[in-house]
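For reference, the structure is listed below as structure tokens.
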Amino acid sequence: MNSQPNYLREVTNNLSHAKKYLSKNTHIDIACVFCKTINRYFDDEEFFVIGNNNLTCKECNLDSMIPITPHSILYSMSSTYKENQIEEWYNEWFKPLENDGEPEYEDYEYDEYQDSYEETKENPYLSNYHDDEISVPELILPDINKKNN
Ligand SMILES: [Zn+2]
């Protein structure tokens, strides 16, 4: 599960990137992967930080924030691609595990197996071929009774 390897790099040690970017620009957009939002900041006094250097979201209290600076792959993306990327990160890191005890496709495969099994049984050649074997279980029964006595 490392299809989105950038996430950890993006959310850690990012405060200095954000401050540097903000010092050269009038504002900075910062995404929160958990909240799936992008908020605009005009002053680094608004930043909330935990740990050494990790921007933290005021809404969810998680350090799942990504400052959209040239250090981020989000920086050159259109807004649609940004949203998709944030959604992918969210699904990989935060999406609750679903109760997949009975996924529908397993039922489907089971039904399919049953159908093909029925078709095999209805094959006239196979039915005739197996007729002789039907009495086999009855032949075994006397032996079992002997052992029990
Ligand atoms: Zn958040």
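Ordering of the structure tokens sets the chain letters (A, B, ...), residue numbers begin anew at 1 in every chain, and ligands are numbered from 1 in the order given.
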Please identify which residues in region 17-117 of chain A DSSP calls strand (DSSP E or B) from the backbone, and express them as a PDB file with C-alpha atoms, in the first residue's frame.
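See selection_33.pdb below for the written result:
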```pdb
ATOM      1  CA  ILE A  28      -0.768  30.438   1.058  1.00  0.00           C
ATOM      2  CA  ASP A  29      -3.292  27.669   0.503  1.00  0.00           C
ATOM      3  CA  ILE A  30      -3.018  24.747   2.876  1.00  0.00           C
ATOM      4  CA  ALA A  31      -4.898  21.512   2.349  1.00  0.00           C
ATOM      5  CA  CYS A  32      -6.116  19.290   5.157  1.00  0.00           C
ATOM      6  CA  THR A  37     -10.502  21.108   2.574  1.00  0.00           C
ATOM      7  CA  ILE A  38      -8.145  23.759   1.293  1.00  0.00           C
ATOM      8  CA  ASN A  39      -7.940  26.923   3.357  1.00  0.00           C
ATOM      9  CA  ARG A  40      -6.145  30.144   2.550  1.00  0.00           C
ATOM     10  CA  TYR A  41      -3.858  31.784   5.094  1.00  0.00           C
ATOM     11  CA  VAL A  49       1.750  23.551  14.903  1.00  0.00           C
ATOM     12  CA  ILE A  50       2.398  20.368  16.825  1.00  0.00           C
ATOM     13  CA  ASN A  54       4.286  19.929  11.382  1.00  0.00           C
ATOM     14  CA  LEU A  55       1.353  22.106  10.428  1.00  0.00           C
ATOM     15  CA  MET A  65      -2.034  19.477   6.433  1.00  0.00           C
ATOM     16  CA  ILE A  66      -0.183  20.083   3.217  1.00  0.00           C
ATOM     17  CA  PRO A  67       0.980  23.602   2.374  1.00  0.00           C
TER      18      PRO A  67
END
```
For ligand 1, return the neighbouring residues as JSON, numbers by chain (distance at most 7 Å; only C-alpha atoms and all ligand atoms).
{"A": [32, 33, 34, 35, 57, 58, 59, 60, 61, 62, 64]}
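Here the question is which of A:Asn52, A:Glu83, A:Ile68, A:Leu97 gets nearest to Lys36 (chain A) using only C-alpha atoms, and that residue is A:Glu83.
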